[in-house]
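Shown here: final16.cif, mmCIF, C-alpha atoms and all ligand atoms.
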data_protein
loop_
_atom_site.label_atom_id
_atom_site.label_comp_id
_atom_site.auth_asym_id
_atom_site.auth_seq_id
_atom_site.Cartn_x
_atom_site.Cartn_y
_atom_site.Cartn_z
CA MET A 27 -19.42 60.46 -42.47
CA SER A 28 -21.66 57.70 -41.18
CA LYS A 29 -21.14 54.09 -42.21
CA GLN A 30 -24.09 51.84 -42.93
CA ILE A 31 -24.12 48.31 -41.56
CA LEU A 32 -26.83 45.88 -42.56
CA VAL A 33 -27.59 43.34 -39.84
CA LEU A 34 -29.17 40.05 -40.95
CA PRO A 35 -29.76 37.81 -37.90
CA GLY A 36 -31.32 34.93 -39.88
CA ASP A 37 -32.73 31.80 -38.25
CA GLY A 38 -32.32 29.44 -35.32
CA ILE A 39 -29.64 30.74 -32.96
CA GLY A 40 -28.99 33.57 -35.47
CA PRO A 41 -31.12 36.18 -33.67
CA GLU A 42 -29.76 35.08 -30.25
CA ILE A 43 -26.08 35.43 -31.14
CA MET A 44 -26.70 38.55 -33.23
CA ALA A 45 -28.34 40.35 -30.32
CA GLU A 46 -25.06 39.98 -28.40
CA ALA A 47 -22.85 40.91 -31.34
CA VAL A 48 -24.94 44.06 -31.86
CA LYS A 49 -24.46 45.00 -28.18
CA VAL A 50 -20.71 44.71 -28.69
CA LEU A 51 -20.88 46.65 -31.96
CA ASN A 52 -22.93 49.43 -30.35
CA ARG A 53 -20.45 49.59 -27.50
CA VAL A 54 -17.37 50.03 -29.75
CA ASN A 55 -19.35 52.37 -32.00
CA GLU A 56 -19.79 54.68 -29.03
CA GLN A 57 -16.42 54.09 -27.40
CA TYR A 58 -14.43 54.78 -30.58
CA SER A 59 -16.90 57.21 -32.24
CA LEU A 60 -17.10 55.05 -35.34
CA GLY A 61 -20.29 56.62 -36.75
CA PHE A 62 -21.93 53.31 -37.63
CA GLU A 63 -25.63 53.22 -38.41
CA LEU A 64 -27.27 49.82 -38.13
CA THR A 65 -30.27 48.62 -40.14
CA GLU A 66 -31.82 45.20 -39.64
CA ASP A 67 -33.49 42.95 -42.20
CA VAL A 68 -34.41 39.32 -42.79
CA ILE A 69 -32.68 36.51 -44.68
CA GLY A 70 -33.10 32.75 -44.95
CA GLY A 71 -36.12 31.11 -43.35
CA ALA A 72 -37.18 34.39 -41.76
CA ALA A 73 -37.31 35.95 -45.25
CA ILE A 74 -39.23 32.96 -46.64
CA ASP A 75 -41.82 33.47 -43.90
CA LYS A 76 -42.06 37.20 -44.63
CA HIS A 77 -41.55 37.47 -48.40
CA GLY A 78 -41.79 33.92 -49.75
CA VAL A 79 -38.15 34.02 -50.87
CA PRO A 80 -34.91 33.57 -48.85
CA LEU A 81 -33.44 36.88 -50.04
CA ALA A 82 -35.81 39.64 -51.14
CA ASP A 83 -34.64 42.07 -53.83
CA GLU A 84 -35.03 44.98 -51.43
CA THR A 85 -32.77 43.24 -48.89
CA LEU A 86 -30.16 42.58 -51.54
CA ALA A 87 -30.36 46.24 -52.56
CA LYS A 88 -29.79 47.27 -48.94
CA ALA A 89 -26.80 44.91 -48.76
CA ARG A 90 -25.33 46.45 -51.91
CA ALA A 91 -25.80 49.95 -50.55
CA ALA A 92 -24.36 49.11 -47.10
CA ASP A 93 -20.69 49.49 -46.22
CA ALA A 94 -20.70 46.05 -44.58
CA VAL A 95 -23.10 43.24 -43.75
CA LEU A 96 -23.21 41.28 -40.50
CA LEU A 97 -24.99 37.95 -40.73
CA GLY A 98 -26.04 35.37 -38.13
CA ALA A 99 -26.97 32.03 -39.68
CA VAL A 100 -29.71 30.62 -41.88
CA GLY A 101 -31.67 27.42 -42.18
CA GLY A 102 -33.62 24.98 -40.10
CA PRO A 103 -35.93 21.95 -40.23
CA LYS A 104 -38.99 24.16 -40.78
CA TRP A 105 -37.79 24.98 -44.32
CA ASP A 106 -35.89 21.78 -45.21
CA LYS A 107 -38.73 20.34 -47.27
CA LEU A 108 -39.06 23.38 -49.54
CA ASP A 109 -37.98 23.33 -53.14
CA ARG A 110 -34.17 23.74 -53.32
CA ALA A 111 -34.47 27.00 -55.25
CA ILE A 112 -36.17 28.81 -52.36
CA ARG A 113 -34.53 27.18 -49.35
CA PRO A 114 -32.87 29.42 -46.72
CA GLU A 115 -29.34 28.42 -47.80
CA LYS A 116 -30.06 29.76 -51.30
CA GLY A 117 -30.45 33.23 -49.78
CA LEU A 118 -26.99 32.99 -48.28
CA LEU A 119 -25.44 31.69 -51.50
CA LYS A 120 -27.18 34.41 -53.48
CA ILE A 121 -26.00 37.28 -51.30
CA ARG A 122 -22.40 35.95 -51.46
CA SER A 123 -22.59 35.59 -55.22
CA GLU A 124 -24.43 38.86 -55.97
CA LEU A 125 -22.03 40.87 -53.82
CA GLY A 126 -19.03 39.15 -55.43
CA LEU A 127 -17.69 37.96 -52.07
CA PHE A 128 -15.21 35.48 -53.49
CA ALA A 129 -12.67 35.51 -50.66
CA ASN A 130 -13.74 33.86 -47.44
CA LEU A 131 -11.27 34.20 -44.57
CA ARG A 132 -11.77 31.72 -41.76
CA PRO A 133 -9.17 32.12 -39.01
CA ALA A 134 -8.79 29.26 -36.54
CA ILE A 135 -7.06 30.70 -33.50
CA LEU A 136 -6.84 28.92 -30.19
CA TYR A 137 -7.28 31.21 -27.23
CA PRO A 138 -4.79 29.72 -24.74
CA GLN A 139 -7.52 29.67 -22.08
CA LEU A 140 -9.41 27.12 -24.23
CA ALA A 141 -6.67 24.54 -24.68
CA GLU A 142 -8.66 22.22 -22.44
CA ALA A 143 -11.87 22.75 -24.44
CA SER A 144 -10.44 21.30 -27.63
CA THR A 145 -11.03 17.61 -28.18
CA LEU A 146 -7.38 17.41 -29.22
CA LYS A 147 -4.46 17.22 -26.81
CA PRO A 148 -3.39 20.67 -25.55
CA GLU A 149 0.14 20.23 -26.95
CA VAL A 150 -1.28 19.58 -30.43
CA VAL A 151 -3.30 22.80 -30.48
CA SER A 152 -1.56 25.22 -28.10
CA GLY A 153 -0.52 28.38 -29.93
CA LEU A 154 -2.58 27.45 -32.98
CA ASP A 155 -3.13 30.32 -35.43
CA ILE A 156 -4.06 29.27 -38.94
CA LEU A 157 -6.08 30.94 -41.65
CA ILE A 158 -8.22 29.11 -44.16
CA VAL A 159 -8.83 31.10 -47.33
CA ARG A 160 -11.88 29.58 -48.98
CA GLU A 161 -13.04 30.43 -52.50
CA LEU A 162 -16.68 31.38 -51.98
CA THR A 163 -18.48 32.19 -55.22
CA GLY A 164 -17.41 29.42 -57.58
CA GLY A 165 -16.79 25.71 -57.81
CA ILE A 166 -19.35 23.00 -57.27
CA TYR A 167 -21.65 25.27 -55.23
CA PHE A 168 -22.47 27.35 -58.29
CA GLY A 169 -21.39 25.25 -61.27
CA GLY A 170 -23.69 23.95 -63.95
CA PRO A 171 -25.05 21.78 -65.33
CA ARG A 172 -26.61 20.48 -62.17
CA GLY A 173 -29.80 18.75 -61.26
CA ILE A 174 -31.57 15.44 -60.88
CA ARG A 175 -32.38 13.68 -64.16
CA THR A 176 -34.01 10.42 -65.13
CA LEU A 177 -31.83 7.99 -67.02
CA GLU A 178 -33.01 5.76 -69.84
CA ASN A 179 -33.42 2.86 -67.47
CA GLY A 180 -35.83 4.97 -65.41
CA GLU A 181 -33.38 5.43 -62.55
CA ARG A 182 -32.80 8.97 -61.30
CA GLU A 183 -29.31 10.49 -61.16
CA GLY A 184 -28.17 13.56 -59.27
CA TYR A 185 -25.30 15.53 -60.81
CA ASN A 186 -23.20 18.64 -60.15
CA THR A 187 -20.30 20.32 -61.90
CA LEU A 188 -17.10 21.70 -60.41
CA PRO A 189 -15.76 24.42 -62.71
CA TYR A 190 -12.96 26.88 -61.93
CA SER A 191 -11.76 29.41 -64.45
CA GLU A 192 -8.18 30.67 -64.50
CA SER A 193 -9.24 34.12 -63.31
CA GLU A 194 -11.26 32.70 -60.42
CA ILE A 195 -8.28 30.64 -59.29
CA ARG A 196 -5.82 33.49 -59.80
CA ARG A 197 -7.75 35.99 -57.67
CA ILE A 198 -8.24 33.65 -54.72
CA ALA A 199 -4.62 32.46 -54.94
CA ARG A 200 -3.51 36.09 -54.71
CA VAL A 201 -5.58 36.54 -51.55
CA GLY A 202 -3.90 33.44 -50.11
CA PHE A 203 -0.43 34.72 -50.95
CA ASP A 204 -1.22 38.25 -49.73
CA MET A 205 -2.42 36.87 -46.40
CA ALA A 206 0.59 34.56 -46.07
CA ARG A 207 2.93 37.45 -46.83
CA VAL A 208 1.78 39.40 -43.77
CA ARG A 209 1.68 36.30 -41.53
CA GLY A 210 4.03 33.30 -41.42
CA LYS A 211 4.93 33.44 -45.16
CA LYS A 212 3.74 29.88 -45.76
CA LEU A 213 0.87 28.99 -48.08
CA CYS A 214 -0.53 25.49 -48.51
CA SER A 215 -2.87 25.07 -51.48
CA VAL A 216 -5.32 22.22 -50.93
CA ASP A 217 -6.82 20.38 -53.90
CA LYS A 218 -7.59 16.98 -55.38
CA ALA A 219 -5.32 17.29 -58.41
CA ASN A 220 -4.71 13.54 -58.49
CA VAL A 221 -8.33 13.02 -59.54
CA MET A 222 -10.00 16.20 -60.83
CA GLU A 223 -9.19 18.39 -63.82
CA SER A 224 -10.47 21.51 -62.05
CA SER A 225 -7.88 20.83 -59.33
CA GLN A 226 -5.19 20.22 -61.93
CA LEU A 227 -5.80 23.70 -63.33
CA TRP A 228 -6.06 25.08 -59.79
CA ARG A 229 -2.56 23.77 -59.02
CA GLU A 230 -1.13 25.07 -62.29
CA ILE A 231 -2.47 28.59 -61.75
CA VAL A 232 -1.44 28.68 -58.08
CA GLU A 233 2.11 27.78 -59.23
CA GLU A 234 1.96 30.61 -61.75
CA VAL A 235 0.82 33.16 -59.15
CA ALA A 236 3.59 31.94 -56.82
CA GLN A 237 6.11 33.57 -59.17
CA GLU A 238 4.83 36.95 -57.94
CA TYR A 239 5.49 35.95 -54.33
CA PRO A 240 9.06 34.65 -54.02
CA ASP A 241 8.99 35.50 -50.30
CA VAL A 242 6.13 33.05 -49.62
CA GLU A 243 6.83 29.32 -49.37
CA LEU A 244 4.19 27.42 -51.35
CA SER A 245 3.22 23.80 -50.82
CA HIS A 246 0.40 21.67 -52.25
CA MET A 247 -1.59 19.02 -50.43
CA TYR A 248 -4.40 16.70 -51.42
CA VAL A 249 -7.54 17.42 -49.46
CA ASP A 250 -7.79 13.98 -47.86
CA ASN A 251 -4.28 14.31 -46.49
CA ALA A 252 -4.99 17.91 -45.42
CA ALA A 253 -8.00 16.72 -43.41
CA MET A 254 -5.77 14.20 -41.67
CA GLN A 255 -2.86 16.63 -41.11
CA LEU A 256 -5.22 19.18 -39.55
CA VAL A 257 -5.86 16.86 -36.63
CA ARG A 258 -2.40 15.23 -36.60
CA ALA A 259 -0.25 18.37 -36.57
CA PRO A 260 -2.29 21.51 -37.30
CA LYS A 261 0.51 23.91 -36.42
CA GLN A 262 2.41 22.93 -39.58
CA PHE A 263 -0.01 25.23 -41.42
CA ASP A 264 0.00 29.01 -41.67
CA VAL A 265 -2.40 29.91 -44.50
CA MET A 266 -4.37 27.33 -46.46
CA VAL A 267 -6.08 28.26 -49.72
CA THR A 268 -8.72 25.98 -51.17
CA ASP A 269 -11.92 25.72 -53.15
CA ASN A 270 -15.47 26.36 -52.01
CA MET A 271 -16.47 22.89 -50.84
CA PHE A 272 -13.11 21.77 -49.45
CA GLY A 273 -12.93 25.07 -47.53
CA ASP A 274 -16.40 24.52 -46.10
CA ILE A 275 -15.43 21.12 -44.76
CA LEU A 276 -11.91 21.92 -43.59
CA SER A 277 -13.04 25.04 -41.72
CA ASP A 278 -15.59 23.10 -39.68
CA GLU A 279 -12.83 20.61 -38.92
CA ALA A 280 -10.41 23.39 -37.97
CA SER A 281 -12.99 24.93 -35.66
CA MET A 282 -12.70 22.00 -33.27
CA LEU A 283 -9.00 22.73 -32.89
CA THR A 284 -10.03 26.02 -31.29
CA GLY A 285 -12.41 24.37 -28.85
CA SER A 286 -15.71 24.80 -30.65
CA ILE A 287 -17.42 25.76 -33.88
CA GLY A 288 -18.85 28.55 -31.73
CA MET A 289 -15.43 30.27 -31.80
CA LEU A 290 -14.83 30.57 -35.56
CA PRO A 291 -15.59 33.92 -37.20
CA SER A 292 -15.34 34.73 -40.89
CA ALA A 293 -15.01 37.53 -43.38
CA SER A 294 -16.27 37.25 -46.95
CA LEU A 295 -14.68 39.93 -49.09
CA ASP A 296 -15.05 41.27 -52.61
CA ALA A 297 -12.23 42.69 -54.71
CA HIS A 298 -12.38 46.00 -52.79
CA ASN A 299 -12.62 44.63 -49.25
CA LYS A 300 -16.33 45.28 -49.04
CA GLY A 301 -17.44 42.47 -46.83
CA MET A 302 -20.01 40.34 -45.17
CA TYR A 303 -19.13 38.97 -41.77
CA GLU A 304 -20.59 35.84 -40.22
CA PRO A 305 -19.74 33.01 -37.87
CA CYS A 306 -18.70 29.79 -39.64
CA HIS A 307 -21.35 27.78 -37.84
CA GLY A 308 -24.98 27.33 -38.79
CA SER A 309 -28.31 28.03 -37.15
CA ALA A 310 -27.90 25.13 -34.69
CA PRO A 311 -31.57 24.10 -34.57
CA ASP A 312 -30.75 21.60 -31.82
CA ILE A 313 -30.04 24.40 -29.33
CA ALA A 314 -32.04 27.30 -30.81
CA GLY A 315 -34.28 29.19 -28.41
CA GLN A 316 -32.49 27.90 -25.32
CA GLY A 317 -30.19 30.89 -24.81
CA ILE A 318 -27.09 28.69 -24.62
CA ALA A 319 -25.39 29.27 -27.99
CA ASN A 320 -21.89 30.71 -28.02
CA PRO A 321 -22.01 34.26 -29.45
CA LEU A 322 -18.20 34.65 -29.62
CA ALA A 323 -17.85 33.61 -33.29
CA THR A 324 -20.28 36.40 -34.23
CA ILE A 325 -18.66 38.88 -31.85
CA LEU A 326 -15.25 38.03 -33.35
CA SER A 327 -16.79 38.50 -36.81
CA VAL A 328 -17.57 42.08 -35.73
CA SER A 329 -13.88 42.43 -34.95
CA MET A 330 -13.01 41.15 -38.44
CA MET A 331 -15.44 43.68 -39.92
CA LEU A 332 -13.72 46.53 -38.10
CA ARG A 333 -10.35 45.27 -39.32
CA TYR A 334 -11.06 44.46 -42.96
CA SER A 335 -13.86 46.80 -44.02
CA PHE A 336 -13.14 49.82 -41.84
CA ASN A 337 -9.45 49.61 -40.90
CA GLN A 338 -10.40 50.33 -37.27
CA LEU A 339 -7.60 48.28 -35.82
CA GLU A 340 -7.77 49.67 -32.30
CA ALA A 341 -11.45 48.83 -31.93
CA ALA A 342 -10.93 45.42 -33.57
CA ASN A 343 -8.12 44.58 -31.15
CA ALA A 344 -10.19 45.83 -28.23
CA ILE A 345 -12.92 43.29 -29.01
CA GLU A 346 -10.42 40.45 -29.24
CA GLN A 347 -8.83 41.52 -25.95
CA ALA A 348 -12.25 41.76 -24.31
CA VAL A 349 -13.02 38.18 -25.43
CA SER A 350 -9.70 37.07 -23.98
CA LYS A 351 -10.45 38.84 -20.70
CA VAL A 352 -13.82 37.12 -20.43
CA LEU A 353 -12.13 33.76 -20.98
CA ASP A 354 -9.60 34.74 -18.26
CA GLN A 355 -12.58 35.21 -15.97
CA LYS A 356 -13.38 31.54 -16.66
CA LEU A 357 -16.77 32.38 -18.13
CA ARG A 358 -17.83 29.76 -20.69
CA THR A 359 -20.85 28.83 -22.76
CA GLY A 360 -21.59 25.10 -22.69
CA ASP A 361 -19.70 24.29 -25.90
CA ILE A 362 -16.37 25.55 -24.50
CA TRP A 363 -16.96 24.72 -20.85
CA SER A 364 -14.42 22.67 -18.93
CA GLU A 365 -13.96 21.71 -15.28
CA GLY A 366 -13.41 24.67 -12.95
CA CYS A 367 -15.17 27.19 -15.22
CA GLN A 368 -18.52 28.91 -14.83
CA LYS A 369 -21.16 27.93 -17.35
CA ILE A 370 -23.12 30.91 -18.68
CA GLY A 371 -25.67 31.58 -21.42
CA THR A 372 -25.58 33.55 -24.66
CA ARG A 373 -26.74 36.82 -23.13
CA GLU A 374 -24.38 36.67 -20.15
CA MET A 375 -21.49 36.01 -22.53
CA GLY A 376 -22.38 39.02 -24.70
CA GLU A 377 -22.77 41.22 -21.64
CA ALA A 378 -19.47 40.01 -20.19
CA VAL A 379 -17.69 41.07 -23.40
CA VAL A 380 -19.38 44.49 -23.28
CA ALA A 381 -18.34 44.86 -19.61
CA ALA A 382 -14.76 43.88 -20.46
CA LEU A 383 -14.73 46.50 -23.25
CA ALA A 384 -15.99 49.13 -20.87
CA ALA A 385 -13.23 48.29 -18.40
CA GLU A 386 -10.48 48.74 -21.00
N1 LIG B 1 -23.58 30.28 -42.52
C1 LIG B 1 -24.74 29.70 -42.28
O1 LIG B 1 -25.75 30.36 -42.22
C2 LIG B 1 -24.79 28.24 -42.06
C3 LIG B 1 -23.62 27.48 -41.84
C4 LIG B 1 -23.74 26.11 -41.61
C5 LIG B 1 -24.98 25.50 -41.60
N2 LIG B 1 -26.09 26.26 -41.83
C6 LIG B 1 -27.45 25.70 -41.73
O2 LIG B 1 -27.71 25.51 -40.34
C7 LIG B 1 -28.59 24.40 -40.16
C8 LIG B 1 -27.98 23.41 -39.18
O3 LIG B 1 -26.81 22.84 -39.74
P1 LIG B 1 -25.83 21.88 -38.96
O4 LIG B 1 -26.52 21.32 -37.78
O5 LIG B 1 -25.23 21.01 -39.94
O6 LIG B 1 -24.63 22.86 -38.48
P2 LIG B 1 -24.56 23.87 -37.26
O7 LIG B 1 -23.26 24.59 -37.38
O8 LIG B 1 -25.77 24.71 -37.19
O9 LIG B 1 -24.52 22.94 -35.96
C9 LIG B 1 -23.61 21.88 -35.79
C10 LIG B 1 -23.44 21.57 -34.31
O10 LIG B 1 -22.69 22.64 -33.70
C11 LIG B 1 -23.40 23.23 -32.66
N3 LIG B 1 -23.21 24.70 -32.72
C12 LIG B 1 -23.21 25.46 -33.84
N4 LIG B 1 -23.03 26.74 -33.53
C13 LIG B 1 -22.93 26.80 -32.19
C14 LIG B 1 -22.74 27.88 -31.26
N5 LIG B 1 -22.61 29.16 -31.65
N6 LIG B 1 -22.67 27.58 -29.94
C15 LIG B 1 -22.77 26.31 -29.53
N7 LIG B 1 -22.95 25.26 -30.35
C16 LIG B 1 -23.03 25.50 -31.67
C17 LIG B 1 -24.87 22.88 -32.90
O11 LIG B 1 -25.60 22.91 -31.71
C18 LIG B 1 -24.75 21.51 -33.55
O12 LIG B 1 -24.68 20.53 -32.55
C19 LIG B 1 -28.81 23.84 -41.56
O13 LIG B 1 -30.01 24.35 -42.05
C20 LIG B 1 -27.63 24.36 -42.35
O14 LIG B 1 -27.89 24.45 -43.73
C21 LIG B 1 -26.02 27.61 -42.05
C1 LIG B 2 -25.26 26.97 -45.18
C2 LIG B 2 -24.25 26.64 -46.21
C3 LIG B 2 -24.74 27.07 -47.56
C4 LIG B 2 -22.87 27.27 -45.92
C5 LIG B 2 -21.85 26.81 -46.94
O1 LIG B 2 -21.79 25.62 -47.27
O2 LIG B 2 -21.10 27.67 -47.42
C6 LIG B 2 -22.29 26.99 -44.55
O3 LIG B 2 -22.03 25.64 -44.35
C7 LIG B 2 -21.03 27.79 -44.33
O4 LIG B 2 -20.00 27.22 -44.01
O5 LIG B 2 -21.09 29.04 -44.43
MG MG B 3 -20.13 25.27 -43.50
#

Give the structure from the file, written as structure tokens.
Ligand SMILES: NC(=O)c1ccc[n+]([C@@H]2O[C@H](COP(=O)([O-])OP(=O)(O)OC[C@H]3O[C@@H](n4cnc5c(N)ncnc54)[C@H](O)[C@@H]3O)[C@@H](O)[C@H]2O)c1
Ligand SMILES: CC(C)[C@H](C(=O)O)[C@@H](O)C(=O)O
Ligand SMILES: [Mg+2]
Amino acid sequence: MSKQILVLPGDGIGPEIMAEAVKVLNRVNEQYSLGFELTEDVIGGAAIDKHGVPLADETLAKARAADAVLLGAVGGPKWDKLDRAIRPEKGLLKIRSELGLFANLRPAILYPQLAEASTLKPEVVSGLDILIVRELTGGIYFGGPRGIRTLENGEREGYNTLPYSESEIRRIARVGFDMARVRGKKLCSVDKANVMESSQLWREIVEEVAQEYPDVELSHMYVDNAAMQLVRAPKQFDVMVTDNMFGDILSDEASMLTGSIGMLPSASLDAHNKGMYEPCHGSAPDIAGQGIANPLATILSVSMMLRYSFNQLEAANAIEQAVSKVLDQKLRTGDIWSEGCQKIGTREMGEAVVAALAAE
């Protein structure tokens, strides 16, 4: 039976990197007879331009009906002045929330060929393989009350709320433990329990869930220390589980351990492993339209899609091996380039991965 994949390229470099990821997806689709059918639609700024809203109802309906969603990136200066409620980022937040994609997996893996591309010393990052499990549909991103109000003295005040219910914490903690169980059996829960009540409850519930996982070693860390430890000694971590905003920040930080934000893929999953797959980076307006963006994070997101939504492990591994082969060939986009390597553009990188797949 055919599987429906909704492709949402988005804005900025989104369409550029997506074009390459789709080439790779089409290639494995054929090579492994996966029966995928691709449909494309708009989200973010592109949807604002077309429909006046960042996520049209019909697009959301297509996403619900699809077996998986592949997304590029949204946002850009063109739409930054719009009312917050209809900005591109709202479309992304809405699709995550409406599809119930509470578990965001962001693996930071250093390809050995890129040890020189990281801004950290090779010995600090060599062999790095960590997984950040980010809660994606709760916390301060979605909590209310929120807004900008005028105080009695006439001054304006912006305010947000960071709520986490026991069930929200429990389900993301379980994902963290489940992931740790099949990896290095170490889970570090990152919070700010020394200051915030929501973190206090977070820690309490994570401790409670830990009882179900005696084989996994649990530790807790405050987020400020975690940010420091990630650059001091990142290999101490196996799986990290954290809230929506801390996970957003720590995953961008972790991306630099792997050489570039252009290398970090992600999977956003619901309770039944239905997923949306996207690179961790944004629409990179500073390099959009130049054909120089790194498409590997999106290509590796395709690999995550094959693994988590479709259990097509052979095809998923083939993509990762093809990426490794291309790096062996010393082909690099600008963000991961180092001395002695050949600098290539987005399209050449996508085509090199397709060629490496074909050669397998
Ligand atoms: N998931 C998403 O759709 C997503 C994620 C983050 C930011 N955004 C949006 O993207 C816009 C720009 O945000 P930003 O500049 O803070 O973050 P960004 O991730 O777009 O860019 C940060 C820096 O990383 C570089 N970069 C990012 N991806 C790259 C790639 N694939 N190859 C090479 N270099 C890459 C950019 O050129 C830029 O210098 C904003 O509108 C923001 O809201 C969207
Ligand atoms: C664009 C923005 C809403 C988004 C987030 O903060 O979740 C992005 O930074 C990400 O990491 O996917
Ligand atoms: Mg982010």

task: Work out how far apart atom CA of A:Ile345 and atom CA of A:Ile287 are and give it in Å to one decimal.
output: 18.7 Å

- request: Mind checking which residues fall within 10 Å of A:Met302, counting all atoms listed in the file, ignoring those fewer than 2 positions away in the same chain, and posting them as a list in words?
  value: Ile31, Leu32, Val33, Ala89, Ala92, Asp93, Ala94, Val95, Leu96, Leu97, Ile121, Arg122, Leu125, Leu127, Asn130, Ser292, Ala293, Ser294, Leu295, Asp296, Asn299, Lys300, Glu304, Ser327, Val328, Met330, Met331 and Ser335 of chain A

- prompt: Closest to ligand MG 3 (chain B) among A:Arg333, A:Lys147, A:Arg132, A:Arg229, using only C-alpha atoms and all ligand atoms?
  reply: A:Arg132

Sort by chain and increasing residue number a table of all residues of chain A within 7 Å of ligand LIG 1 (chain B), each with its closest pair of atoms and their distance in Å to one decimal, counting only C-alpha atoms and all ligand atoms, and write it as a tab-separated table.
residue	atom	partner	partner_atom	distance
A:Gly98	CA	B:LIG1	O1	6.5
A:Ala99	CA	B:LIG1	O1	3.3
A:Val100	CA	B:LIG1	O1	4.0
A:Gly101	CA	B:LIG1	O13	3.5
A:Gly102	CA	B:LIG1	O13	4.2
A:Pro103	CA	B:LIG1	O13	6.6
A:Glu115	CA	B:LIG1	O14	5.9
A:Leu118	CA	B:LIG1	O1	6.7
A:Ile287	CA	B:LIG1	N4	5.7
A:Gly288	CA	B:LIG1	N5	3.8
A:Glu304	CA	B:LIG1	N1	6.7
A:Pro305	CA	B:LIG1	N1	6.6
A:Cys306	CA	B:LIG1	N1	5.7
A:His307	CA	B:LIG1	O7	3.7
A:Gly308	CA	B:LIG1	O8	3.2
A:Ser309	CA	B:LIG1	O2	4.1
A:Ala310	CA	B:LIG1	O8	3.3
A:Pro311	CA	B:LIG1	C8	5.9
A:Asp312	CA	B:LIG1	O11	5.3
A:Ile313	CA	B:LIG1	O11	5.3
A:Ile318	CA	B:LIG1	C15	7.0
A:Ala319	CA	B:LIG1	N6	3.7
A:Asn320	CA	B:LIG1	N6	3.8
A:Pro321	CA	B:LIG1	N5	5.6
A:Ala323	CA	B:LIG1	N5	6.7
A:Asp361	CA	B:LIG1	C15	5.2

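Nearest to A:Asp155 of all the residues A:Asp269, A:Glu194, A:Asp274, A:Asp264 is A:Asp264, counting only C-alpha atoms.
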
Around stretch 32-41 of chain A, fit a box with edges along x, y and z, padding it by 5 Å on each side, then list its centre and edge lengths in Å to one decimal as AutoDock Vina command-line options.
--center_x -29.8 --center_y 37.7 --center_z -37.8 --size_x 15.9 --size_y 26.4 --size_z 19.6

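Taking all atoms listed in the file into account, A:Leu290 lies nearest to A:Tyr137 out of the set A:Phe263, A:Phe336, A:Tyr137, A:Trp105.
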
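Neighbourhood of point (-16.1, 24.7, -52.5): residues with an atom at most 7 Å away, counting only C-alpha atoms, are Glu161, Leu162, Gly165, Ile166, Tyr167, Asp269, Asn270, Met271, Phe272, Gly273 and Asp274 of chain A.
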